[in-house]
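S.K.: Structure file start-v1.cif (mmCIF, C-alpha atoms) right here:
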data_run
loop_
_atom_site.group_PDB
_atom_site.id
_atom_site.type_symbol
_atom_site.label_atom_id
_atom_site.label_comp_id
_atom_site.auth_asym_id
_atom_site.auth_seq_id
_atom_site.Cartn_x
_atom_site.Cartn_y
_atom_site.Cartn_z
ATOM 1 C CA MET F 1 0.000 0.000 0.000
ATOM 2 C CA PRO F 2 1.608 3.321 -0.979
ATOM 3 C CA GLU F 3 2.219 5.970 1.635
ATOM 4 C CA GLY F 4 -0.120 8.911 1.807
ATOM 5 C CA LYS F 5 0.890 12.535 1.547
ATOM 6 C CA GLU F 6 3.567 13.608 3.981
ATOM 7 C CA GLY F 7 3.054 16.591 6.219
ATOM 8 C CA ASN F 8 6.682 16.613 7.263
ATOM 9 C CA PRO F 9 9.076 17.771 4.538
ATOM 10 C CA ALA F 10 12.189 16.306 6.217
ATOM 11 C CA ALA F 11 12.740 12.961 4.509
ATOM 12 C CA MET F 12 14.356 11.357 7.544
ATOM 13 C CA ASN F 13 11.272 12.109 9.627
ATOM 14 C CA ARG F 14 8.932 10.229 7.359
ATOM 15 C CA THR F 15 6.779 7.697 9.114
ATOM 16 C CA GLY F 16 6.090 4.728 6.872
ATOM 17 C CA VAL F 17 2.945 2.714 7.517
ATOM 18 C CA GLU F 18 2.305 -0.398 5.468
ATOM 19 C CA ARG F 19 0.058 -3.418 5.558
ATOM 20 C CA GLU F 20 2.214 -6.424 4.788
ATOM 21 C CA ALA F 21 0.953 -9.864 3.920
ATOM 22 C CA ASP F 22 -2.360 -10.615 5.572
ATOM 23 C CA ARG F 23 -1.653 -10.513 9.261
ATOM 24 C CA GLU F 24 0.964 -7.807 9.575
ATOM 25 C CA LEU F 25 1.446 -4.077 10.016
ATOM 26 C CA VAL F 26 4.852 -2.452 9.579
ATOM 27 C CA VAL F 27 5.762 1.066 10.682
ATOM 28 C CA THR F 28 9.209 2.560 10.081
ATOM 29 C CA ARG F 29 10.942 5.780 11.030
ATOM 30 C CA THR F 30 14.517 7.059 11.317
ATOM 31 C CA PHE F 31 15.514 9.027 14.393
ATOM 32 C CA ASN F 32 18.457 11.395 14.525
ATOM 33 C CA ALA F 33 20.162 9.801 17.534
ATOM 34 C CA PRO F 34 22.154 6.683 18.403
ATOM 35 C CA ALA F 35 20.266 3.465 19.176
ATOM 36 C CA HIS F 36 20.942 3.492 22.932
ATOM 37 C CA ILE F 37 19.114 6.827 23.252
ATOM 38 C CA VAL F 38 16.122 5.781 21.143
ATOM 39 C CA PHE F 39 15.932 2.494 23.029
ATOM 40 C CA GLU F 40 15.941 4.380 26.336
ATOM 41 C CA ALA F 41 12.813 6.271 25.245
ATOM 42 C CA TRP F 42 11.079 2.921 24.550
ATOM 43 C CA SER F 43 12.150 1.171 27.728
ATOM 44 C CA LYS F 44 11.833 3.759 30.531
ATOM 45 C CA PRO F 45 8.191 4.281 31.546
ATOM 46 C CA GLU F 46 8.692 7.924 32.509
ATOM 47 C CA LEU F 47 9.884 8.617 28.937
ATOM 48 C CA PHE F 48 7.617 6.149 27.125
ATOM 49 C CA LYS F 49 4.418 7.628 28.539
ATOM 50 C CA ARG F 50 5.392 11.055 27.204
ATOM 51 C CA TRP F 51 5.182 9.999 23.570
ATOM 52 C CA TRP F 52 3.133 6.780 23.184
ATOM 53 C CA VAL F 53 -0.061 8.759 23.638
ATOM 54 C CA PRO F 54 0.590 12.167 22.081
ATOM 55 C CA LYS F 55 -1.633 15.007 23.325
ATOM 56 C CA SER F 56 -3.177 15.435 19.881
ATOM 57 C CA LEU F 57 -4.984 12.113 20.344
ATOM 58 C CA GLY F 58 -7.097 13.449 23.195
ATOM 59 C CA MET F 59 -6.242 10.467 25.393
ATOM 60 C CA SER F 60 -4.280 10.439 28.592
ATOM 61 C CA MET F 61 -2.231 7.681 30.177
ATOM 62 C CA LEU F 62 -3.357 7.112 33.750
ATOM 63 C CA SER F 63 -0.636 4.620 34.547
ATOM 64 C CA CYS F 64 2.291 3.048 32.780
ATOM 65 C CA ASP F 65 3.900 0.000 34.388
ATOM 66 C CA MET F 66 6.734 -1.569 32.434
ATOM 67 C CA ASP F 67 9.056 -4.314 33.611
ATOM 68 C CA VAL F 68 11.304 -4.203 30.580
ATOM 69 C CA ARG F 69 13.174 -7.508 30.638
ATOM 70 C CA THR F 70 12.578 -10.831 28.937
ATOM 71 C CA GLY F 71 9.517 -12.348 30.630
ATOM 72 C CA GLY F 72 8.574 -9.058 32.335
ATOM 73 C CA ALA F 73 5.036 -7.660 32.166
ATOM 74 C CA TYR F 74 3.618 -4.296 31.131
ATOM 75 C CA ARG F 75 0.286 -2.632 31.782
ATOM 76 C CA PHE F 76 -0.962 0.712 30.407
ATOM 77 C CA VAL F 77 -4.185 2.360 31.489
ATOM 78 C CA PHE F 78 -5.714 5.036 29.244
ATOM 79 C CA ARG F 79 -8.574 7.428 29.616
ATOM 80 C CA HIS F 80 -10.527 9.212 26.916
ATOM 81 C CA PRO F 81 -13.059 11.968 27.683
ATOM 82 C CA ALA F 82 -15.726 10.144 25.651
ATOM 83 C CA PHE F 83 -15.669 7.130 27.984
ATOM 84 C CA ASP F 84 -16.495 6.732 31.675
ATOM 85 C CA GLN F 85 -14.240 3.771 32.231
ATOM 86 C CA PRO F 86 -10.489 3.729 31.649
ATOM 87 C CA MET F 87 -9.086 1.035 29.365
ATOM 88 C CA ALA F 88 -6.181 -1.256 30.195
ATOM 89 C CA PHE F 89 -3.714 -2.758 27.748
ATOM 90 C CA PHE F 90 -1.285 -5.380 28.962
ATOM 91 C CA GLY F 91 1.085 -8.133 27.958
ATOM 92 C CA THR F 92 4.542 -9.627 28.358
ATOM 93 C CA TYR F 93 7.984 -8.743 27.019
ATOM 94 C CA ARG F 94 9.022 -11.831 25.124
ATOM 95 C CA GLU F 95 12.456 -10.547 24.244
ATOM 96 C CA VAL F 96 14.477 -7.570 25.415
ATOM 97 C CA THR F 97 17.877 -7.072 23.805
ATOM 98 C CA PRO F 98 19.112 -3.653 24.911
ATOM 99 C CA HIS F 99 19.583 -1.121 22.099
ATOM 100 C CA LYS F 100 18.587 -3.709 19.464
ATOM 101 C CA ARG F 101 15.258 -5.463 19.831
ATOM 102 C CA LEU F 102 12.023 -5.483 21.818
ATOM 103 C CA VAL F 103 9.295 -8.114 21.419
ATOM 104 C CA TRP F 104 6.047 -7.980 23.378
ATOM 105 C CA THR F 105 2.650 -9.612 23.369
ATOM 106 C CA ASN F 106 -0.740 -7.907 23.614
ATOM 107 C CA GLU F 107 -2.908 -9.991 25.904
ATOM 108 C CA GLU F 108 -6.125 -7.963 26.293
ATOM 109 C CA SER F 109 -7.762 -10.547 24.028
ATOM 110 C CA ASP F 110 -6.782 -13.777 22.272
ATOM 111 C CA GLN F 111 -6.693 -11.757 19.042
ATOM 112 C CA GLY F 112 -3.803 -9.590 20.244
ATOM 113 C CA ALA F 113 -0.699 -9.035 18.152
ATOM 114 C CA VAL F 114 2.922 -9.826 18.842
ATOM 115 C CA THR F 115 4.875 -6.603 18.380
ATOM 116 C CA THR F 116 8.547 -6.626 17.395
ATOM 117 C CA VAL F 117 10.567 -3.411 17.389
ATOM 118 C CA THR F 118 14.104 -3.329 16.031
ATOM 119 C CA PHE F 119 16.645 -0.529 16.404
ATOM 120 C CA GLU F 120 19.320 -0.302 13.719
ATOM 121 C CA GLU F 121 22.012 2.316 14.165
ATOM 122 C CA ASN F 122 23.823 3.729 11.169
ATOM 123 C CA ALA F 123 26.089 6.813 11.217
ATOM 124 C CA GLY F 124 24.579 8.149 14.434
ATOM 125 C CA LYS F 125 20.979 7.692 13.252
ATOM 126 C CA THR F 126 18.602 4.905 14.197
ATOM 127 C CA LEU F 127 16.077 3.168 11.983
ATOM 128 C CA VAL F 128 13.150 1.939 14.064
ATOM 129 C CA THR F 129 10.984 -0.790 12.514
ATOM 130 C CA LEU F 130 7.816 -1.755 14.340
ATOM 131 C CA HIS F 131 6.166 -4.926 13.176
ATOM 132 C CA GLU F 132 2.828 -6.238 14.437
ATOM 133 C CA LEU F 133 1.865 -9.838 13.711
ATOM 134 C CA TYR F 134 -1.769 -10.771 14.374
ATOM 135 C CA PRO F 135 -3.085 -14.319 14.850
ATOM 136 C CA THR F 136 -5.474 -13.894 11.908
ATOM 137 C CA LYS F 137 -6.048 -11.483 9.057
ATOM 138 C CA ALA F 138 -9.444 -10.549 10.511
ATOM 139 C CA ALA F 139 -7.774 -9.677 13.817
ATOM 140 C CA ARG F 140 -5.287 -7.440 12.022
ATOM 141 C CA ASP F 141 -7.938 -5.615 10.027
ATOM 142 C CA GLU F 142 -10.113 -5.195 13.087
ATOM 143 C CA ALA F 143 -7.223 -4.220 15.323
ATOM 144 C CA LEU F 144 -6.258 -1.502 12.908
ATOM 145 C CA ALA F 145 -9.685 -0.067 13.479
ATOM 146 C CA GLY F 146 -10.160 -1.080 17.082
ATOM 147 C CA SER F 147 -6.898 -1.551 18.995
ATOM 148 C CA ALA F 148 -4.912 0.888 21.095
ATOM 149 C CA GLU F 149 -3.586 2.236 17.807
ATOM 150 C CA GLY F 150 -6.946 2.582 16.157
ATOM 151 C CA LEU F 151 -8.919 3.746 19.157
ATOM 152 C CA PRO F 152 -8.255 7.449 18.800
ATOM 153 C CA GLU F 153 -9.683 7.327 15.302
ATOM 154 C CA GLN F 154 -12.730 5.500 16.537
ATOM 155 C CA PHE F 155 -13.051 7.974 19.346
ATOM 156 C CA ALA F 156 -12.881 10.787 16.838
ATOM 157 C CA GLN F 157 -15.701 9.132 14.931
ATOM 158 C CA LEU F 158 -17.652 8.643 18.117
ATOM 159 C CA ASP F 159 -17.020 12.276 19.059
ATOM 160 C CA GLU F 160 -18.461 13.317 15.724
ATOM 161 C CA LEU F 161 -21.376 11.015 16.187
ATOM 162 C CA LEU F 162 -22.116 12.342 19.675
ATOM 163 C CA ALA F 163 -21.687 15.939 18.529
ATOM 164 C CA GLY F 164 -24.161 15.295 15.733
ATOM 165 C CA ARG F 165 -26.763 13.941 18.126
ATOM 166 C CA SER F 166 -26.524 16.588 20.825
ATOM 167 C CA MET M 167 -22.752 3.471 12.691
ATOM 168 C CA VAL M 168 -19.290 2.508 13.901
ATOM 169 C CA GLN M 169 -20.303 -1.157 13.631
ATOM 170 C CA TYR M 170 -21.381 -0.626 10.037
ATOM 171 C CA TYR M 171 -18.125 1.134 9.259
ATOM 172 C CA GLU M 172 -16.064 -1.754 10.664
ATOM 173 C CA THR M 173 -18.021 -4.403 8.795
ATOM 174 C CA ARG M 174 -17.512 -2.416 5.633
ATOM 175 C CA LEU M 175 -13.760 -2.184 6.293
ATOM 176 C CA ASP M 176 -13.577 -5.958 6.851
ATOM 177 C CA ALA M 177 -15.266 -6.596 3.502
ATOM 178 C CA SER M 178 -13.033 -4.036 1.793
ATOM 179 C CA PHE M 179 -9.785 -5.422 3.129
ATOM 180 C CA ALA M 180 -10.822 -8.963 2.329
ATOM 181 C CA ALA M 181 -11.569 -7.805 -1.210
ATOM 182 C CA LEU M 182 -8.236 -5.984 -1.444
ATOM 183 C CA SER M 183 -6.206 -8.961 -0.209
ATOM 184 C CA ASP M 184 -6.192 -10.503 -3.676
ATOM 185 C CA ALA M 185 -3.713 -9.347 -6.334
ATOM 186 C CA THR M 186 -6.141 -9.871 -9.240
ATOM 187 C CA ARG M 187 -8.826 -7.806 -7.526
ATOM 188 C CA ARG M 188 -6.343 -5.009 -6.838
ATOM 189 C CA GLY M 189 -5.447 -5.204 -10.521
ATOM 190 C CA VAL M 190 -9.112 -4.953 -11.493
ATOM 191 C CA LEU M 191 -9.499 -1.838 -9.329
ATOM 192 C CA GLU M 192 -6.434 -0.316 -10.934
ATOM 193 C CA GLN M 193 -7.820 -1.115 -14.370
ATOM 194 C CA LEU M 194 -11.207 0.393 -13.532
ATOM 195 C CA SER M 195 -9.542 3.517 -12.173
ATOM 196 C CA ARG M 196 -8.442 4.177 -15.759
ATOM 197 C CA ALA M 197 -11.669 3.271 -17.528
ATOM 198 C CA ASP M 198 -14.943 1.424 -17.024
ATOM 199 C CA ALA M 199 -14.850 -2.093 -18.434
ATOM 200 C CA SER M 200 -17.143 -5.038 -19.066
ATOM 201 C CA ILE M 201 -16.639 -8.371 -17.312
ATOM 202 C CA THR M 202 -15.589 -9.807 -20.703
ATOM 203 C CA ASP M 203 -12.929 -7.059 -21.100
ATOM 204 C CA LEU M 204 -11.601 -7.730 -17.614
ATOM 205 C CA ALA M 205 -11.560 -11.514 -18.079
ATOM 206 C CA GLY M 206 -9.514 -11.015 -21.261
ATOM 207 C CA LYS M 207 -7.076 -8.588 -19.653
ATOM 208 C CA PHE M 208 -6.439 -10.866 -16.696
ATOM 209 C CA HIS M 209 -6.404 -14.097 -18.754
ATOM 210 C CA MET M 210 -9.272 -15.524 -16.813
ATOM 211 C CA THR M 211 -12.545 -17.318 -17.491
ATOM 212 C CA LEU M 212 -15.736 -15.269 -17.430
ATOM 213 C CA THR M 213 -16.894 -17.245 -14.390
ATOM 214 C CA GLY M 214 -13.641 -16.551 -12.535
ATOM 215 C CA MET M 215 -13.817 -12.840 -13.245
ATOM 216 C CA LYS M 216 -17.507 -12.707 -12.288
ATOM 217 C CA LYS M 217 -16.551 -14.100 -8.877
ATOM 218 C CA HIS M 218 -13.832 -11.481 -8.352
ATOM 219 C CA VAL M 219 -16.129 -8.659 -9.431
ATOM 220 C CA GLY M 220 -18.791 -10.051 -7.094
ATOM 221 C CA VAL M 221 -16.420 -9.796 -4.115
ATOM 222 C CA LEU M 222 -15.487 -6.223 -5.074
ATOM 223 C CA GLU M 223 -19.155 -5.361 -5.524
ATOM 224 C CA ARG M 224 -20.152 -6.714 -2.109
ATOM 225 C CA ALA M 225 -17.359 -4.591 -0.600
ATOM 226 C CA ALA M 226 -18.845 -1.596 -2.459
ATOM 227 C CA LEU M 227 -15.500 -1.020 -4.166
ATOM 228 C CA VAL M 228 -17.095 -1.594 -7.567
ATOM 229 C CA THR M 229 -20.566 -1.022 -8.984
ATOM 230 C CA THR M 230 -21.921 -2.871 -12.003
ATOM 231 C CA GLU M 231 -24.717 -2.141 -14.425
ATOM 232 C CA LYS M 232 -26.214 -4.459 -17.011
ATOM 233 C CA ALA M 233 -27.179 -3.010 -20.368
ATOM 234 C CA GLY M 234 -28.442 -5.661 -22.761
ATOM 235 C CA ARG M 235 -25.985 -8.548 -22.579
ATOM 236 C CA VAL M 236 -23.047 -6.482 -21.312
ATOM 237 C CA ARG M 237 -22.319 -5.909 -17.629
ATOM 238 C CA THR M 238 -20.222 -2.764 -17.187
ATOM 239 C CA CYS M 239 -18.062 -2.373 -14.082
ATOM 240 C CA ARG M 240 -16.980 0.911 -12.625
ATOM 241 C CA LEU M 241 -15.129 2.034 -9.534
ATOM 242 C CA GLY M 242 -17.173 2.764 -6.425
ATOM 243 C CA THR M 243 -15.268 5.957 -5.768
ATOM 244 C CA ARG M 244 -16.728 6.742 -2.395
ATOM 245 C CA ALA M 245 -15.561 3.415 -0.975
ATOM 246 C CA LEU M 246 -12.028 3.908 -2.234
ATOM 247 C CA GLU M 247 -11.869 7.376 -0.750
ATOM 248 C CA GLU M 248 -12.962 5.944 2.588
ATOM 249 C CA GLU M 249 -10.196 3.349 2.370
ATOM 250 C CA ALA M 250 -7.543 5.935 1.571
ATOM 251 C CA ALA M 251 -8.767 8.163 4.387
ATOM 252 C CA TRP M 252 -8.568 5.264 6.815
ATOM 253 C CA ILE M 253 -4.949 4.518 5.903
ATOM 254 C CA GLU M 254 -4.099 8.201 6.088
ATOM 255 C CA ARG M 255 -5.581 8.498 9.587
ATOM 256 C CA HIS M 256 -3.552 5.507 10.677
ATOM 257 C CA ARG M 257 -0.387 7.058 9.298
ATOM 258 C CA GLN M 258 -1.220 10.301 11.078
ATOM 259 C CA LEU M 259 -1.432 8.487 14.407
ATOM 260 C CA TRP M 260 2.032 6.972 14.017
ATOM 261 C CA SER M 261 3.438 10.269 12.776
ATOM 262 C CA ALA M 262 2.058 12.082 15.823
ATOM 263 C CA ARG M 263 3.473 9.419 18.107
ATOM 264 C CA PHE M 264 6.889 9.449 16.473
ATOM 265 C CA ASP M 265 7.005 13.254 16.286
ATOM 266 C CA ALA M 266 6.608 13.262 20.067
ATOM 267 C CA LEU M 267 9.299 10.576 20.365
ATOM 268 C CA ASP M 268 11.561 12.673 18.123
ATOM 269 C CA LYS M 269 11.425 15.551 20.608
ATOM 270 C CA ILE M 270 12.232 13.301 23.556
ATOM 271 C CA VAL M 271 15.120 11.645 21.717
ATOM 272 C CA GLU M 272 16.494 15.090 20.787
ATOM 273 C CA HIS M 273 16.259 16.175 24.418
ATOM 274 C CA LEU M 274 18.035 13.011 25.647
ATOM 275 C CA LYS M 275 20.789 13.508 23.084
ATOM 276 C CA CYS M 276 21.415 17.103 24.204
ATOM 277 C CA LYS M 277 21.420 15.989 27.818
ATOM 278 C CA GLU M 278 23.954 13.252 27.110
ATOM 279 C CA LYS M 279 26.227 15.737 25.312
ATOM 280 C CA ALA M 280 25.974 18.221 28.169
ATOM 281 C CA ASP M 281 26.764 15.475 30.714
ATOM 282 C CA ALA M 282 29.791 14.402 28.671
ATOM 283 C CA ARG M 283 31.062 17.996 28.554
ATOM 284 C CA ARG M 284 30.620 18.366 32.305
ATOM 285 C CA LYS M 285 32.572 15.181 32.947
ATOM 286 C CA ARG M 286 35.476 16.378 30.804
ATOM 287 C CA ARG M 287 35.831 19.556 32.829
#
Turn the structure described in the file into structure tokens.
M.R.:
Amino acid sequence: MPEGKEGNPAAMNRTGVEREADRELVVTRTFNAPAHIVFEAWSKPELFKRWWVPKSLGMSMLSCDMDVRTGGAYRFVFRHPAFDQPMAFFGTYREVTPHKRLVWTNEESDQGAVTTVTFEENAGKTLVTLHELYPTKAARDEALAGSAEGLPEQFAQLDELLAGRS
Amino acid sequence: MVQYYETRLDASFAALSDATRRGVLEQLSRADASITDLAGKFHMTLTGMKKHVGVLERAALVTTEKAGRVRTCRLGTRALEEEAAWIERHRQLWSARFDALDKIVEHLKCKEKADARRKRR
């Protein structure tokens, strides 16, 4: 699937989003820093919670527990103004190789993806590749519309819907 | 409403998962074509092509109209626009996320440099 129009003119800041095969989603981006720094931002909760849910999404992270080591667990709790109840997302780190590779499961449902993130340093820059593998194609297509990633979009739709009714 | 939207997306992505059907959409984006035309272009039997067009039609990616003995297929433009918009929104989410990460990474890098300078002194 080709990329859409880019808002950001700097080529190195392009975020690539592609649907690969039937059960996969791949997102890539190059960061202007060595791998150990980029990895730090993915593995320390106090840093991670500052970017995983950007303000523009209208969601806030109520708590962010991350035990970043192979076999360790994570649990994120989000709130969105459109919903009374917060939502929890949780899973296990299947592999943690500092500065190189993170693999975690999403265990909110049996349709959750396994997410693999790799960090490849080259000349002081780091290429981050995030790869989500879903158990089925249907889970992938639904997750894109309904998972932690897709929720803000759904919320935006719901917001519109609610605004239209009031 | 949201339910309807999701069901529609499921049908659309299922329809788009096949290379021939993506080819048919590409072909129809250039010009309307009959099932016979499409079967010829994709070296396929009429029955085979009818099945593919049927899947695209159920996903509302294609509309067909029968005039006499010829069934003409054309692109369901609204559906394609919805698809493109969906992918674009998804890309926007990751861009927003990674833009925020960019700032944090930049900050960490500056901090590391400053710490290194302090240590040298």
S.K.: Please report the interatomic distance between CA of Leu222 in chain M and CA of Asp110 in chain F in Å with one decimal.
M.R.: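 Interatomic distance here is 29.7 Å.
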S.K.: Contacts from chain M to chain F, 7 Å maximum, only C-alpha atoms: show me the residue list as a ChimeraX atom specification.
M.R.: /M:176,254,257,260-263,266-268,271,274-275
S.K.: Separation of CA of Gly214 in chain M and CA of Thr243 in chain M, in Å?
M.R.: 23.6 Å
S.K.: Do you know which residues the PyMOL selection byres ((chain M and resi 190) around 10) returns on this file, as an NGL selection string?
M.R.: :M and (185-189 or 191-195 or 199 or 204-205 or 207-208 or 215 or 218-219 or 222 or 228 or 239-241)
S.K.: Would you mind exporting the chosen residues as a PDB file, in the coordinates of the input, restricted to C-alpha atoms?
M.R.:
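Saved the output as again17.pdb:
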ATOM      1  CA  ALA M 185      -3.713  -9.347  -6.334  1.00  0.00           C
ATOM      2  CA  THR M 186      -6.141  -9.871  -9.240  1.00  0.00           C
ATOM      3  CA  ARG M 187      -8.826  -7.806  -7.526  1.00  0.00           C
ATOM      4  CA  ARG M 188      -6.343  -5.009  -6.838  1.00  0.00           C
ATOM      5  CA  GLY M 189      -5.447  -5.204 -10.521  1.00  0.00           C
ATOM      6  CA  LEU M 191      -9.499  -1.838  -9.329  1.00  0.00           C
ATOM      7  CA  GLU M 192      -6.434  -0.316 -10.934  1.00  0.00           C
ATOM      8  CA  GLN M 193      -7.820  -1.115 -14.370  1.00  0.00           C
ATOM      9  CA  LEU M 194     -11.207   0.393 -13.532  1.00  0.00           C
ATOM     10  CA  SER M 195      -9.542   3.517 -12.173  1.00  0.00           C
ATOM     11  CA  ALA M 199     -14.850  -2.093 -18.434  1.00  0.00           C
ATOM     12  CA  LEU M 204     -11.601  -7.730 -17.614  1.00  0.00           C
ATOM     13  CA  ALA M 205     -11.560 -11.514 -18.079  1.00  0.00           C
ATOM     14  CA  LYS M 207      -7.076  -8.588 -19.653  1.00  0.00           C
ATOM     15  CA  PHE M 208      -6.439 -10.866 -16.696  1.00  0.00           C
ATOM     16  CA  MET M 215     -13.817 -12.840 -13.245  1.00  0.00           C
ATOM     17  CA  HIS M 218     -13.832 -11.481  -8.352  1.00  0.00           C
ATOM     18  CA  VAL M 219     -16.129  -8.659  -9.431  1.00  0.00           C
ATOM     19  CA  LEU M 222     -15.487  -6.223  -5.074  1.00  0.00           C
ATOM     20  CA  VAL M 228     -17.095  -1.594  -7.567  1.00  0.00           C
ATOM     21  CA  CYS M 239     -18.062  -2.373 -14.082  1.00  0.00           C
ATOM     22  CA  ARG M 240     -16.980   0.911 -12.625  1.00  0.00           C
ATOM     23  CA  LEU M 241     -15.129   2.034  -9.534  1.00  0.00           C
TER      24      LEU M 241
END
S.K.: If I take CA of Glu107 in chain F and CA of Tyr93 in chain F, how far is one from the other in Å, to one decimal?
M.R.: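 Separating CA of Glu107 in chain F from CA of Tyr93 in chain F is a distance of 11.0 Å.
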S.K.: So, with all atoms listed in the file as the atoms that count, which of M:Leu259, M:Ile201, M:Ala180, M:Met210 lies closest to Glu231 in chain M?
M.R.: M:Ile201
S.K.: Care to translate the PyMOL selection byres ((chain F and resi 64) around 9) into actual residues of this file, as JSON, numbers by chain?
M.R.: {"F": [45, 46, 48, 49, 61, 62, 63, 65, 66, 74, 75, 76, 77, 78]}
S.K.: Generate a file of the selected residues that holds C-alpha atoms, formatted as a compact mmCIF listing (two decimals), in the coordinates of the input.
M.R.:
# COMPACT_ATOMS: atom_id res chain seq x y z
CA PRO F 45 8.19 4.28 31.55
CA GLU F 46 8.69 7.92 32.51
CA PHE F 48 7.62 6.15 27.12
CA LYS F 49 4.42 7.63 28.54
CA MET F 61 -2.23 7.68 30.18
CA LEU F 62 -3.36 7.11 33.75
CA SER F 63 -0.64 4.62 34.55
CA ASP F 65 3.90 0.00 34.39
CA MET F 66 6.73 -1.57 32.43
CA TYR F 74 3.62 -4.30 31.13
CA ARG F 75 0.29 -2.63 31.78
CA PHE F 76 -0.96 0.71 30.41
CA VAL F 77 -4.18 2.36 31.49
CA PHE F 78 -5.71 5.04 29.24
S.K.: Just so the selection is clear, what residues does the PyMOL selection byres ((chain F and resi 68) around 9) cover here, as a PDB file with C-alpha atoms, in the frame of the given file?
M.R.:
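As a result, result_23.pdb now contains:
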ATOM      1  CA  SER F  43      12.150   1.171  27.728  1.00  0.00           C
ATOM      2  CA  LYS F  44      11.833   3.759  30.531  1.00  0.00           C
ATOM      3  CA  MET F  66       6.734  -1.569  32.434  1.00  0.00           C
ATOM      4  CA  ASP F  67       9.056  -4.314  33.611  1.00  0.00           C
ATOM      5  CA  ARG F  69      13.174  -7.508  30.638  1.00  0.00           C
ATOM      6  CA  THR F  70      12.578 -10.831  28.937  1.00  0.00           C
ATOM      7  CA  GLY F  71       9.517 -12.348  30.630  1.00  0.00           C
ATOM      8  CA  GLY F  72       8.574  -9.058  32.335  1.00  0.00           C
ATOM      9  CA  ALA F  73       5.036  -7.660  32.166  1.00  0.00           C
ATOM     10  CA  TYR F  74       3.618  -4.296  31.131  1.00  0.00           C
ATOM     11  CA  THR F  92       4.542  -9.627  28.358  1.00  0.00           C
ATOM     12  CA  TYR F  93       7.984  -8.743  27.019  1.00  0.00           C
ATOM     13  CA  VAL F  96      14.477  -7.570  25.415  1.00  0.00           C
ATOM     14  CA  LEU F 102      12.023  -5.483  21.818  1.00  0.00           C
TER      15      LEU F 102
END
S.K.: Compute the distance from (16.6, -4.1, 19.0) to each atom, counting all atoms listed in the file, keep the residues with any atom at most 9 Å away, and return them as a PyMOL selection string; use the coordinates of the file.
M.R.: chain F and resi 35+39+96-103+116-120+128
